[in-house]
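Peer 1: Sharing model18.cif (mmCIF, C-alpha atoms) below.
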data_query
#
loop_
_atom_site.label_atom_id
_atom_site.label_comp_id
_atom_site.auth_asym_id
_atom_site.auth_seq_id
_atom_site.Cartn_x
_atom_site.Cartn_y
_atom_site.Cartn_z
CA MET A 90 145.04 93.93 96.42
CA HIS A 91 147.23 90.94 95.62
CA PHE A 92 144.56 88.40 96.43
CA GLY A 93 142.23 89.89 93.82
CA TYR A 94 145.04 90.31 91.32
CA HIS A 95 145.96 86.63 91.39
CA LEU A 96 142.36 85.56 91.05
CA LEU A 97 141.84 87.78 88.03
CA HIS A 98 145.07 86.72 86.35
CA HIS A 99 144.85 83.00 86.92
CA PRO A 100 146.15 81.10 83.84
CA GLN A 101 143.36 79.96 81.56
CA THR A 102 142.47 76.27 81.78
CA LYS A 103 140.50 73.95 79.51
CA ARG A 104 136.78 74.09 79.99
CA SER A 105 135.56 71.26 82.12
CA SER A 106 132.66 70.27 84.24
CA ASN A 107 134.47 72.00 87.09
CA SER A 108 134.36 75.44 85.47
CA SER A 109 131.00 76.42 86.92
CA SER A 110 131.95 75.30 90.42
CA MET A 111 135.27 77.10 90.05
CA ALA A 112 133.47 80.29 89.05
CA ALA A 113 131.19 79.89 92.02
CA SER A 114 134.19 79.45 94.30
CA LEU A 115 135.83 82.58 92.90
CA THR A 116 132.62 84.56 93.34
CA LEU A 117 132.35 83.33 96.92
CA ALA A 118 135.98 84.20 97.56
CA PHE A 119 135.42 87.73 96.26
CA LEU A 120 132.26 88.13 98.31
CA MET A 121 134.06 86.96 101.45
CA LEU A 122 136.97 89.28 100.74
CA PHE A 123 134.80 92.33 100.23
CA ALA A 124 132.61 91.43 103.20
CA THR A 125 135.74 91.36 105.34
CA ILE A 126 136.85 94.75 104.01
CA ALA A 127 133.41 96.28 104.48
CA ASN A 128 133.18 94.82 107.97
CA ALA A 129 136.46 96.42 108.96
CA GLU A 130 135.46 99.89 107.83
CA LEU A 131 133.46 102.46 109.72
CA SER A 132 130.52 104.21 108.07
CA SER A 133 128.59 107.40 108.71
CA ASP A 134 125.21 105.64 108.49
CA PHE A 135 126.02 102.75 110.84
CA TYR A 136 123.11 103.50 113.22
CA ASP A 137 120.59 104.77 110.66
CA ASN A 138 118.44 101.67 111.05
CA SER A 139 119.48 100.22 114.41
CA CYS A 140 119.30 103.48 116.40
CA PRO A 141 118.22 106.42 114.23
CA GLN A 142 117.89 108.77 117.21
CA ALA A 143 121.43 108.09 118.50
CA LEU A 144 123.24 111.10 117.01
CA HIS A 145 120.52 113.58 117.96
CA THR A 146 120.41 112.19 121.51
CA ILE A 147 124.18 112.60 121.90
CA LYS A 148 124.13 116.10 120.43
CA LEU A 149 121.42 117.35 122.80
CA ALA A 150 123.28 115.99 125.82
CA VAL A 151 126.64 117.46 124.72
CA TYR A 152 125.16 120.89 124.01
CA ALA A 153 123.45 120.87 127.43
CA ALA A 154 126.69 119.93 129.19
CA VAL A 155 128.71 122.58 127.32
CA ALA A 156 126.06 125.24 127.99
CA LYS A 157 126.29 124.40 131.69
CA GLU A 158 130.11 124.45 131.68
CA PRO A 159 131.86 125.60 128.48
CA ARG A 160 135.14 123.97 129.56
CA MET A 161 133.41 120.58 129.25
CA GLY A 162 133.69 120.84 125.46
CA ALA A 163 137.48 120.66 125.70
CA SER A 164 137.27 117.85 128.25
CA LEU A 165 135.09 115.68 125.99
CA LEU A 166 137.30 116.36 122.97
CA ARG A 167 140.36 115.33 124.99
CA LEU A 168 138.71 112.07 126.06
CA HIS A 169 138.42 111.03 122.39
CA PHE A 170 142.09 111.90 121.78
CA HIS A 171 143.33 110.01 124.84
CA ASP A 172 141.14 107.06 123.88
CA CYS A 173 142.38 106.83 120.29
CA PHE A 174 146.07 107.14 121.16
CA VAL A 175 145.99 104.08 123.41
CA ASN A 176 145.38 100.89 121.40
CA GLY A 177 142.95 102.68 119.08
CA CYS A 178 139.53 104.30 119.48
CA ASP A 179 137.96 101.57 121.58
CA GLY A 180 136.53 103.26 124.69
CA SER A 181 139.27 101.77 126.88
CA VAL A 182 139.94 105.16 128.51
CA LEU A 183 136.51 104.99 130.18
CA LEU A 184 137.07 101.75 132.10
CA ASP A 185 137.37 102.06 135.89
CA ASP A 186 139.96 100.12 137.88
CA THR A 187 138.67 97.03 139.67
CA SER A 188 140.28 94.62 142.13
CA SER A 189 141.50 92.49 139.22
CA PHE A 190 141.92 95.13 136.52
CA THR A 191 143.91 98.34 136.11
CA GLY A 192 142.54 100.81 133.60
CA GLU A 193 144.03 103.94 132.03
CA LYS A 194 142.55 106.59 134.31
CA THR A 195 145.53 106.58 136.69
CA ALA A 196 148.16 106.89 133.92
CA THR A 197 150.30 110.01 134.27
CA PRO A 198 148.66 111.90 131.36
CA ASN A 199 145.19 111.15 132.75
CA LYS A 200 145.36 111.17 136.56
CA ASN A 201 143.73 114.25 138.14
CA SER A 202 143.46 115.58 134.61
CA LEU A 203 140.96 113.75 132.40
CA ARG A 204 137.38 114.72 133.14
CA GLY A 205 133.91 114.48 131.65
CA PHE A 206 133.34 110.83 132.58
CA ASP A 207 130.07 111.75 134.30
CA VAL A 208 128.84 113.47 131.13
CA ILE A 209 129.63 110.35 129.10
CA ASP A 210 127.69 108.31 131.69
CA THR A 211 124.69 110.61 131.22
CA ILE A 212 124.90 110.38 127.43
CA LYS A 213 125.23 106.59 127.54
CA SER A 214 122.20 106.33 129.81
CA LYS A 215 120.09 108.41 127.41
CA VAL A 216 121.27 106.42 124.40
CA GLU A 217 120.63 103.11 126.19
CA SER A 218 117.07 104.26 126.92
CA ALA A 219 116.58 104.87 123.22
CA CYS A 220 118.34 101.72 121.94
CA LYS A 221 119.56 99.10 124.36
CA GLN A 222 123.13 97.85 123.80
CA VAL A 223 123.43 99.17 120.24
CA VAL A 224 125.68 102.24 120.40
CA SER A 225 129.23 101.78 121.66
CA CYS A 226 130.99 103.99 124.20
CA ALA A 227 133.82 104.45 121.68
CA ASP A 228 131.37 105.90 119.15
CA ILE A 229 129.82 108.13 121.82
CA LEU A 230 133.29 109.60 122.45
CA ALA A 231 133.80 110.25 118.72
CA VAL A 232 130.42 111.94 118.30
CA ALA A 233 130.72 113.92 121.55
CA ALA A 234 134.09 115.28 120.37
CA ARG A 235 132.53 116.56 117.14
CA ASP A 236 129.51 118.06 118.91
CA SER A 237 131.73 119.71 121.54
CA VAL A 238 133.81 121.48 118.90
CA ALA A 239 130.71 122.58 117.00
CA ALA A 240 129.04 123.82 120.22
CA LEU A 241 132.03 126.11 120.86
CA GLY A 242 131.97 127.67 117.39
CA GLY A 243 134.31 125.28 115.59
CA PRO A 244 133.85 123.15 112.49
CA SER A 245 131.60 120.13 112.18
CA TRP A 246 132.35 116.95 110.28
CA THR A 247 130.79 113.62 109.43
CA VAL A 248 131.68 111.10 112.11
CA GLN A 249 132.44 107.59 110.94
CA LEU A 250 130.72 105.02 113.16
CA GLY A 251 130.72 101.32 113.97
CA ARG A 252 133.47 101.10 116.60
CA ARG A 253 133.02 98.51 119.32
CA ASP A 254 134.24 98.67 122.91
CA ALA A 255 137.39 97.08 124.27
CA THR A 256 137.18 94.60 127.13
CA SER A 257 140.65 95.58 128.33
CA ALA A 258 142.80 98.69 128.75
CA SER A 259 146.50 99.50 128.95
CA LEU A 260 148.00 101.65 131.68
CA SER A 261 151.48 101.20 130.17
CA ALA A 262 150.38 102.27 126.67
CA ALA A 263 148.63 105.31 128.15
CA ASN A 264 151.89 106.26 129.87
CA SER A 265 154.01 105.74 126.76
CA ASP A 266 151.83 106.75 123.79
CA ILE A 267 150.09 109.98 124.81
CA PRO A 268 152.35 112.97 124.03
CA SER A 269 153.65 114.88 127.05
CA PRO A 270 153.31 118.66 127.58
CA VAL A 271 157.11 118.82 127.71
CA SER A 272 157.52 117.13 124.31
CA ASP A 273 159.82 118.68 121.73
CA LEU A 274 158.71 119.05 118.11
CA SER A 275 160.51 115.85 117.07
CA ASP A 276 158.76 113.94 119.88
CA LEU A 277 155.37 115.21 118.75
CA ILE A 278 156.00 114.33 115.11
CA SER A 279 157.11 110.85 116.14
CA ALA A 280 154.20 110.20 118.53
CA PHE A 281 151.64 111.11 115.88
CA SER A 282 153.50 109.29 113.12
CA LYS A 283 153.31 106.07 115.15
CA LYS A 284 149.53 106.40 114.97
CA GLY A 285 149.52 106.98 111.22
CA LEU A 286 149.07 110.73 111.54
CA SER A 287 151.19 113.18 109.57
CA THR A 288 152.96 116.29 110.83
CA THR A 289 150.19 118.33 109.17
CA ASP A 290 147.61 116.32 111.14
CA MET A 291 149.57 116.86 114.35
CA ILE A 292 149.76 120.63 113.94
CA ALA A 293 146.05 120.81 113.09
CA LEU A 294 144.99 118.58 115.99
CA SER A 295 147.15 120.63 118.39
CA GLY A 296 144.71 123.43 117.62
CA ALA A 297 142.34 121.66 120.01
CA HIS A 298 144.26 123.72 122.59
CA THR A 299 142.29 126.74 121.42
CA ILE A 300 139.84 125.57 124.13
CA GLY A 301 140.29 124.23 127.63
CA GLN A 302 142.58 124.62 130.62
CA ALA A 303 145.87 123.15 131.78
CA ARG A 304 147.25 122.50 135.26
CA CYS A 305 150.17 124.52 136.64
CA VAL A 306 152.27 121.35 136.94
CA SER A 307 152.13 121.11 133.13
CA PHE A 308 153.48 124.58 132.39
CA ARG A 309 155.43 125.68 135.50
CA THR A 310 158.85 124.97 133.99
CA ARG A 311 157.97 126.83 130.79
CA VAL A 312 156.72 130.04 132.40
CA TYR A 313 159.63 130.26 134.86
CA ASN A 314 162.58 128.92 132.87
CA GLU A 315 162.07 129.24 129.13
CA SER A 316 163.23 132.20 127.06
CA ASN A 317 160.98 131.95 123.99
CA ILE A 318 158.01 133.30 125.92
CA GLU A 319 156.49 136.79 125.91
CA ALA A 320 157.47 138.49 129.18
CA SER A 321 154.11 139.86 130.32
CA PHE A 322 152.39 136.57 129.46
CA ALA A 323 154.98 134.71 131.55
CA SER A 324 154.56 136.95 134.59
CA THR A 325 150.74 136.91 134.40
CA THR A 326 150.75 133.12 134.21
CA GLN A 327 153.26 132.84 137.07
CA SER A 328 150.86 134.75 139.33
CA ASN A 329 148.55 131.74 139.51
CA CYS A 330 151.26 129.08 139.30
CA PRO A 331 153.61 129.29 142.29
CA THR A 332 156.95 127.51 142.24
CA SER A 333 155.83 125.33 145.16
CA THR A 334 153.99 122.12 144.38
CA ASP A 335 150.92 123.13 146.39
CA GLY A 336 149.76 125.02 143.30
CA ASP A 337 150.05 122.04 140.96
CA ASP A 338 146.34 121.91 140.20
CA ASN A 339 145.85 125.64 139.60
CA LEU A 340 144.45 126.20 136.12
CA ALA A 341 145.31 128.50 133.25
CA PRO A 342 143.61 128.72 129.84
CA LEU A 343 145.51 127.02 127.00
CA ASP A 344 144.37 129.95 124.85
CA ALA A 345 144.38 133.10 126.99
CA ASN A 346 142.36 135.02 124.38
CA SER A 347 139.28 132.82 124.04
CA SER A 348 139.45 129.51 125.91
CA THR A 349 135.77 128.70 125.40
CA PHE A 350 135.65 129.51 121.68
CA PHE A 351 137.09 127.25 119.00
CA ASP A 352 139.07 129.63 116.78
CA THR A 353 142.59 130.36 115.49
CA CYS A 354 143.77 132.36 118.52
CA TYR A 355 145.85 129.38 119.67
CA TYR A 356 148.05 129.81 116.59
CA LYS A 357 148.12 133.61 116.93
CA ASN A 358 149.38 133.09 120.48
CA LEU A 359 152.18 130.80 119.27
CA VAL A 360 153.35 133.39 116.74
CA ASN A 361 153.47 135.89 119.63
CA LYS A 362 155.36 133.47 121.95
CA LYS A 363 152.32 132.97 124.16
CA GLY A 364 152.03 129.19 123.98
CA LEU A 365 151.16 127.91 127.46
CA LEU A 366 152.78 124.49 127.22
CA HIS A 367 156.33 123.75 126.07
CA SER A 368 154.82 121.35 123.51
CA ASP A 369 152.58 124.15 122.19
CA GLN A 370 155.38 126.65 121.63
CA GLN A 371 157.47 123.95 119.97
CA LEU A 372 155.13 124.29 116.98
CA TYR A 373 156.47 127.82 116.45
CA SER A 374 160.10 127.82 117.44
CA GLY A 375 162.11 128.22 114.26
CA GLY A 376 161.37 124.69 113.08
CA SER A 377 159.50 122.87 110.34
CA ALA A 378 156.06 123.59 111.81
CA ASP A 379 156.34 127.39 111.73
CA SER A 380 154.86 127.97 108.28
CA GLN A 381 151.73 125.89 108.95
CA VAL A 382 151.17 127.67 112.27
CA SER A 383 151.51 131.04 110.53
CA SER A 384 149.04 129.95 107.89
CA TYR A 385 146.43 128.85 110.43
CA SER A 386 146.86 132.04 112.45
CA THR A 387 145.36 134.02 109.57
CA ASN A 388 143.20 131.43 107.79
CA THR A 389 140.30 130.05 109.83
CA ALA A 390 138.84 128.06 106.93
CA LYS A 391 142.11 126.22 106.32
CA PHE A 392 142.49 125.35 110.00
CA PHE A 393 138.89 124.15 110.28
CA ASN A 394 139.18 122.00 107.16
CA ASP A 395 142.49 120.47 108.20
CA PHE A 396 141.31 119.88 111.78
CA ALA A 397 138.16 118.10 110.62
CA ALA A 398 140.12 115.90 108.20
CA ALA A 399 142.73 115.05 110.85
CA ILE A 400 140.25 114.15 113.57
CA VAL A 401 138.34 111.83 111.24
CA LYS A 402 141.68 110.18 110.48
CA MET A 403 142.47 109.95 114.19
CA GLY A 404 139.04 108.44 114.84
CA ASN A 405 139.92 105.64 112.45
CA ILE A 406 142.92 104.40 114.47
CA SER A 407 142.56 100.63 115.02
CA PRO A 408 138.83 100.45 115.76
CA LEU A 409 137.29 97.18 116.92
CA THR A 410 134.62 96.18 114.39
CA GLY A 411 132.49 93.23 113.40
CA SER A 412 132.45 90.73 116.24
CA ASP A 413 135.55 92.09 118.02
CA GLY A 414 135.03 93.69 121.40
CA GLU A 415 131.54 94.34 122.71
CA ILE A 416 128.89 97.03 123.15
CA ARG A 417 129.14 98.00 126.82
CA THR A 418 125.94 98.85 128.66
CA ASN A 419 127.95 100.85 131.21
CA CYS A 420 130.94 102.71 129.80
CA ARG A 421 132.90 102.31 133.05
CA LYS A 422 132.97 98.52 133.05
CA THR A 423 132.92 95.54 130.75
CA ASN A 424 129.69 93.59 130.42
#
Turn the structure described in the file into structure tokens.
Peer 2:
Amino acid sequence: MHFGYHLLHHPQTKRSSNSSSMAASLTLAFLMLFATIANAELSSDFYDNSCPQALHTIKLAVYAAVAKEPRMGASLLRLHFHDCFVNGCDGSVLLDDTSSFTGEKTATPNKNSLRGFDVIDTIKSKVESACKQVVSCADILAVAARDSVAALGGPSWTVQLGRRDATSASLSAANSDIPSPVSDLSDLISAFSKKGLSTTDMIALSGAHTIGQARCVSFRTRVYNESNIEASFASTTQSNCPTSTDGDDNLAPLDANSSTFFDTCYYKNLVNKKGLLHSDQQLYSGGSADSQVSSYSTNTAKFFNDFAAAIVKMGNISPLTGSDGEIRTNCRKTN
């Protein structure tokens, strides 16, 4: 911290009547500096006093939604990912289009694909009833992602809190920054690196595909044209994904073994050439990611630990804190 360094190593001067005021100025400067740093950081206890029931309220609502429809766990987890990768974890993904505003919901990675917005609305309503305009939509997404993974048998982790909500969104950034299902390994490494996430983080976070479903339009080319795919898996998947575009929205599980259980089967599938998406199989295709995939396929504890660490890191991408942004009362629109 250069600012602090220069203050501490200022050349000594003769004592004068100004020394006490100078000391006071330095103390104030330090206090302002550390206040700024503290203000910019998230903390796990952010709502302990202002809304102590917030986390429990979110958890109950997430568990109810996942019990009703297990796939919803993957949908809520994906919302957090798609939020964080576009201008940081700021709830921008939740904003609806208006006559004067274009949000991110119609971006190519999101259109006819992102879901769970109604569940977030329900959670927000319950949290607002408990504590009006205290808990941000961005924080609800971060907590709901953790609770979704835990509800489906995965790890839990301490969520850092204190994000505020954006008053704008970016369709163009959603189109450019969210990795595509046809990405090659180098594309994936680059996309995550731009967000401050390592290749290790990327491979761990890709394990989110141990739950959820994908649309035929996302994997049609892979199951019909690619060679590094297990033959019976390809033909089974083709049966519900016709070559014609009228089957674009037909679904297949990202993890054919256990799509509603958060486990290591995603990585086992990759080792056996049963990755559903091109971008999935790229993690085990004779490249630099192979060894980590192999490791996760046989070591649940390592995967869980790495996933938890990586998602906390992802949740810390460019949050709005302090007086930036706002706390929306309705996650779909600015105040």
Peer 1: Which neighbours of Glu158 of chain A fall inside 12 Å, counting only C-alpha atoms, when residues of the same chain fewer than 4 positions from it are skipped, and could you give them as a CSV table (one decimal) with C-alpha atoms, in the coordinates of the input?
Peer 2:
chain,number,residue,atom,x,y,z
A,151,VAL,CA,126.6,117.5,124.7
A,152,TYR,CA,125.2,120.9,124.0
A,153,ALA,CA,123.4,120.9,127.4
A,154,ALA,CA,126.7,119.9,129.2
A,162,GLY,CA,133.7,120.8,125.5
A,163,ALA,CA,137.5,120.7,125.7
A,164,SER,CA,137.3,117.8,128.2
A,165,LEU,CA,135.1,115.7,126.0
A,205,GLY,CA,133.9,114.5,131.6
A,208,VAL,CA,128.8,113.5,131.1
A,237,SER,CA,131.7,119.7,121.5
A,240,ALA,CA,129.0,123.8,120.2
A,241,LEU,CA,132.0,126.1,120.9
A,301,GLY,CA,140.3,124.2,127.6
A,349,THR,CA,135.8,128.7,125.4
Peer 1: Convert the output of the PyMOL selection byres ((chain A and resi 416) around 6) on the shown file into explicit residues, formatted as a list in words.
Peer 2: Gln222, Ser225, Arg253, Asp254, Glu415 and Arg417 of chain A
Peer 1: Now that the selection is made, can you save its residues with C-alpha atoms as a compact mmCIF listing (two decimals), in the frame of the given file?
Peer 2:
# COMPACT_ATOMS: atom_id res chain seq x y z
CA GLN A 222 123.13 97.85 123.80
CA SER A 225 129.23 101.78 121.66
CA ARG A 253 133.02 98.51 119.32
CA ASP A 254 134.24 98.67 122.91
CA GLU A 415 131.54 94.34 122.71
CA ARG A 417 129.14 98.00 126.82
Peer 1: Need to verify the contact set: Gly364 of chain A, 9 Å, all atoms listed in the file, exclusion of same-chain residues closer than 3 positions in sequence. Can you return it as an MDAnalysis selection string?
Peer 2: chainID A and resid 318 343:344 355:356 358:361 367:371 373
Peer 1: Would you kindly return, as a PyMOL selection string, each protein, DNA or RNA residue with an atom no farther than 12 Å from any atom of Asn405 of chain A, considering all atoms listed in the file and excluding same-chain residues fewer than 3 positions away?
Peer 2: chain A and resi 129-132+169-170+172-174+176-179+227-228+231+248-252+284-286+398-402+408-410
Peer 1: Output C-alpha atoms for every residue in that selection, as a PDB file, in the frame of the given file.
Peer 2:
ATOM      1  CA  ALA A 129     136.460  96.420 108.960  1.00  0.00           C
ATOM      2  CA  GLU A 130     135.460  99.890 107.830  1.00  0.00           C
ATOM      3  CA  LEU A 131     133.460 102.460 109.720  1.00  0.00           C
ATOM      4  CA  SER A 132     130.520 104.210 108.070  1.00  0.00           C
ATOM      5  CA  HIS A 169     138.420 111.030 122.390  1.00  0.00           C
ATOM      6  CA  PHE A 170     142.090 111.900 121.780  1.00  0.00           C
ATOM      7  CA  ASP A 172     141.140 107.060 123.880  1.00  0.00           C
ATOM      8  CA  CYS A 173     142.380 106.830 120.290  1.00  0.00           C
ATOM      9  CA  PHE A 174     146.070 107.140 121.160  1.00  0.00           C
ATOM     10  CA  ASN A 176     145.380 100.890 121.400  1.00  0.00           C
ATOM     11  CA  GLY A 177     142.950 102.680 119.080  1.00  0.00           C
ATOM     12  CA  CYS A 178     139.530 104.300 119.480  1.00  0.00           C
ATOM     13  CA  ASP A 179     137.960 101.570 121.580  1.00  0.00           C
ATOM     14  CA  ALA A 227     133.820 104.450 121.680  1.00  0.00           C
ATOM     15  CA  ASP A 228     131.370 105.900 119.150  1.00  0.00           C
ATOM     16  CA  ALA A 231     133.800 110.250 118.720  1.00  0.00           C
ATOM     17  CA  VAL A 248     131.680 111.100 112.110  1.00  0.00           C
ATOM     18  CA  GLN A 249     132.440 107.590 110.940  1.00  0.00           C
ATOM     19  CA  LEU A 250     130.720 105.020 113.160  1.00  0.00           C
ATOM     20  CA  GLY A 251     130.720 101.320 113.970  1.00  0.00           C
ATOM     21  CA  ARG A 252     133.470 101.100 116.600  1.00  0.00           C
ATOM     22  CA  LYS A 284     149.530 106.400 114.970  1.00  0.00           C
ATOM     23  CA  GLY A 285     149.520 106.980 111.220  1.00  0.00           C
ATOM     24  CA  LEU A 286     149.070 110.730 111.540  1.00  0.00           C
ATOM     25  CA  ALA A 398     140.120 115.900 108.200  1.00  0.00           C
ATOM     26  CA  ALA A 399     142.730 115.050 110.850  1.00  0.00           C
ATOM     27  CA  ILE A 400     140.250 114.150 113.570  1.00  0.00           C
ATOM     28  CA  VAL A 401     138.340 111.830 111.240  1.00  0.00           C
ATOM     29  CA  LYS A 402     141.680 110.180 110.480  1.00  0.00           C
ATOM     30  CA  PRO A 408     138.830 100.450 115.760  1.00  0.00           C
ATOM     31  CA  LEU A 409     137.290  97.180 116.920  1.00  0.00           C
ATOM     32  CA  THR A 410     134.620  96.180 114.390  1.00  0.00           C
TER      33      THR A 410
END
Peer 1: So what do you get for atom CA of Asp276 of chain A versus atom CA of Leu340 of chain A, distance-wise?
Peer 2: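 Going from atom CA of Asp276 of chain A over to atom CA of Leu340 of chain A covers 24.9 Å.
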Peer 1: As AutoDock Vina command-line options, what would the box around segment 317-335 of chain A look like: edges along x, y and z, 5 Å added on every side, centre and edge lengths in Å to one decimal?
Peer 2:
--center_x 154.8 --center_y 131.0 --center_z 135.2 --size_x 22.4 --size_y 27.7 --size_z 32.4
Peer 1: For the point (158.2, 128.6, 134.3) in the file's frame, write as an MDAnalysis selection string all residues with an atom no more than 12 Å away, counting only C-alpha atoms.
Peer 2: chainID A and resid 271 305:320 322:333 365:367
Peer 1: List as a PyMOL selection string the residues having at least one atom at most 12 Å from position (140.5, 98.6, 136.6) as given in the file, counting only C-alpha atoms.
Peer 2: chain A and resi 181-196+256-260+421-423
Peer 1: Work out how far atom CA of Ser287 of chain A is from atom CA of Lys357 of chain A, in Å to one decimal.
Peer 2: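 One can read the atom CA of Lys357 of chain A to atom CA of Ser287 of chain A distance as 21.9 Å.
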Peer 1: Using all atoms listed in the file for the distances, tell me which of A:Ala397, A:Ala255, A:Met291, A:Ile300 is nearest to Pro268 of chain A.
Peer 2: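 Ranking A:Ala397, A:Ala255, A:Met291, A:Ile300 by distance to Pro268 of chain A, first place goes to A:Met291.
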Peer 1: Interatomic distance between atom CA of His298 of chain A and atom CA of Ser282 of chain A?
Peer 2: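 According to the coordinates, atom CA of His298 of chain A and atom CA of Ser282 of chain A are separated by 19.6 Å.
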Peer 1: Can you turn the PyMOL selection byres ((chain A and resi 382) around 8) into a concrete residue list for this file, as an mmCIF file with C-alpha atoms, keeping the file's coordinate frame?
Peer 2:
data_model
loop_
_atom_site.group_PDB
_atom_site.id
_atom_site.type_symbol
_atom_site.label_atom_id
_atom_site.label_comp_id
_atom_site.auth_asym_id
_atom_site.auth_seq_id
_atom_site.Cartn_x
_atom_site.Cartn_y
_atom_site.Cartn_z
ATOM 1 C CA ILE A 292 149.760 120.630 113.940
ATOM 2 C CA TYR A 356 148.050 129.810 116.590
ATOM 3 C CA LEU A 359 152.180 130.800 119.270
ATOM 4 C CA VAL A 360 153.350 133.390 116.740
ATOM 5 C CA LEU A 372 155.130 124.290 116.980
ATOM 6 C CA TYR A 373 156.470 127.820 116.450
ATOM 7 C CA ALA A 378 156.060 123.590 111.810
ATOM 8 C CA ASP A 379 156.340 127.390 111.730
ATOM 9 C CA SER A 380 154.860 127.970 108.280
ATOM 10 C CA GLN A 381 151.730 125.890 108.950
ATOM 11 C CA SER A 383 151.510 131.040 110.530
ATOM 12 C CA SER A 384 149.040 129.950 107.890
ATOM 13 C CA TYR A 385 146.430 128.850 110.430
ATOM 14 C CA SER A 386 146.860 132.040 112.450
#
Peer 1: Nearest to Leu294 of chain A: which of A:Pro159, A:Pro342, A:Gly404, A:Pro141 is it, counting all atoms listed in the file?
Peer 2: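 Comparing A:Pro159, A:Pro342, A:Gly404, A:Pro141 against Leu294 of chain A, the winner is A:Gly404.
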Peer 1: Rank nothing, just name the residue among A:Phe351, A:Ile406, A:Thr211, A:Ser269 nearest to Thr389 of chain A, using only C-alpha atoms.
Peer 2: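 Between A:Phe351, A:Ile406, A:Thr211, A:Ser269, the residue approaching Thr389 of chain A most closely is A:Phe351.
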Peer 1: Give me the residues near Thr418 of chain A as number ranges by chain, where near means some atom within 10 Å (using only C-alpha atoms) and where sequence neighbours in that chain fewer than 6 positions away do not count.
Peer 2: A: 213-214, 216-217, 221-226, 424
Peer 1: Please return segment 407-411 of chain A, rebuilt to all heavy atoms, as an mmCIF file, keeping the file's coordinate frame.
Peer 2:
data_model
loop_
_atom_site.group_PDB
_atom_site.id
_atom_site.type_symbol
_atom_site.label_atom_id
_atom_site.label_comp_id
_atom_site.auth_asym_id
_atom_site.auth_seq_id
_atom_site.Cartn_x
_atom_site.Cartn_y
_atom_site.Cartn_z
ATOM 1 N N SER A 407 142.784 101.994 114.487
ATOM 2 C CA SER A 407 142.560 100.630 115.020
ATOM 3 C C SER A 407 141.231 100.411 115.726
ATOM 4 O O SER A 407 141.215 99.942 116.873
ATOM 5 C CB SER A 407 143.686 100.286 116.002
ATOM 6 O OG SER A 407 144.939 100.484 115.426
ATOM 7 N N PRO A 408 140.107 100.704 115.078
ATOM 8 C CA PRO A 408 138.830 100.450 115.760
ATOM 9 C C PRO A 408 138.549 98.947 115.833
ATOM 10 O O PRO A 408 139.010 98.166 115.002
ATOM 11 C CB PRO A 408 137.810 101.139 114.848
ATOM 12 C CG PRO A 408 138.427 101.076 113.481
ATOM 13 C CD PRO A 408 139.908 101.226 113.709
ATOM 14 N N LEU A 409 137.807 98.548 116.836
ATOM 15 C CA LEU A 409 137.290 97.180 116.920
ATOM 16 C C LEU A 409 135.976 97.166 116.145
ATOM 17 O O LEU A 409 135.105 98.005 116.388
ATOM 18 C CB LEU A 409 137.043 96.791 118.380
ATOM 19 C CG LEU A 409 138.273 96.757 119.289
ATOM 20 C CD1 LEU A 409 137.852 96.569 120.744
ATOM 21 C CD2 LEU A 409 139.233 95.658 118.857
ATOM 22 N N THR A 410 135.837 96.240 115.207
ATOM 23 C CA THR A 410 134.620 96.180 114.390
ATOM 24 C C THR A 410 134.144 94.743 114.276
ATOM 25 O O THR A 410 134.794 93.815 114.765
ATOM 26 C CB THR A 410 134.870 96.752 112.981
ATOM 27 O OG1 THR A 410 135.943 96.017 112.371
ATOM 28 C CG2 THR A 410 135.254 98.228 113.022
ATOM 29 N N GLY A 411 133.028 94.569 113.610
ATOM 30 C CA GLY A 411 132.490 93.230 113.400
ATOM 31 C C GLY A 411 132.116 92.568 114.699
ATOM 32 O O GLY A 411 131.260 93.066 115.439
#
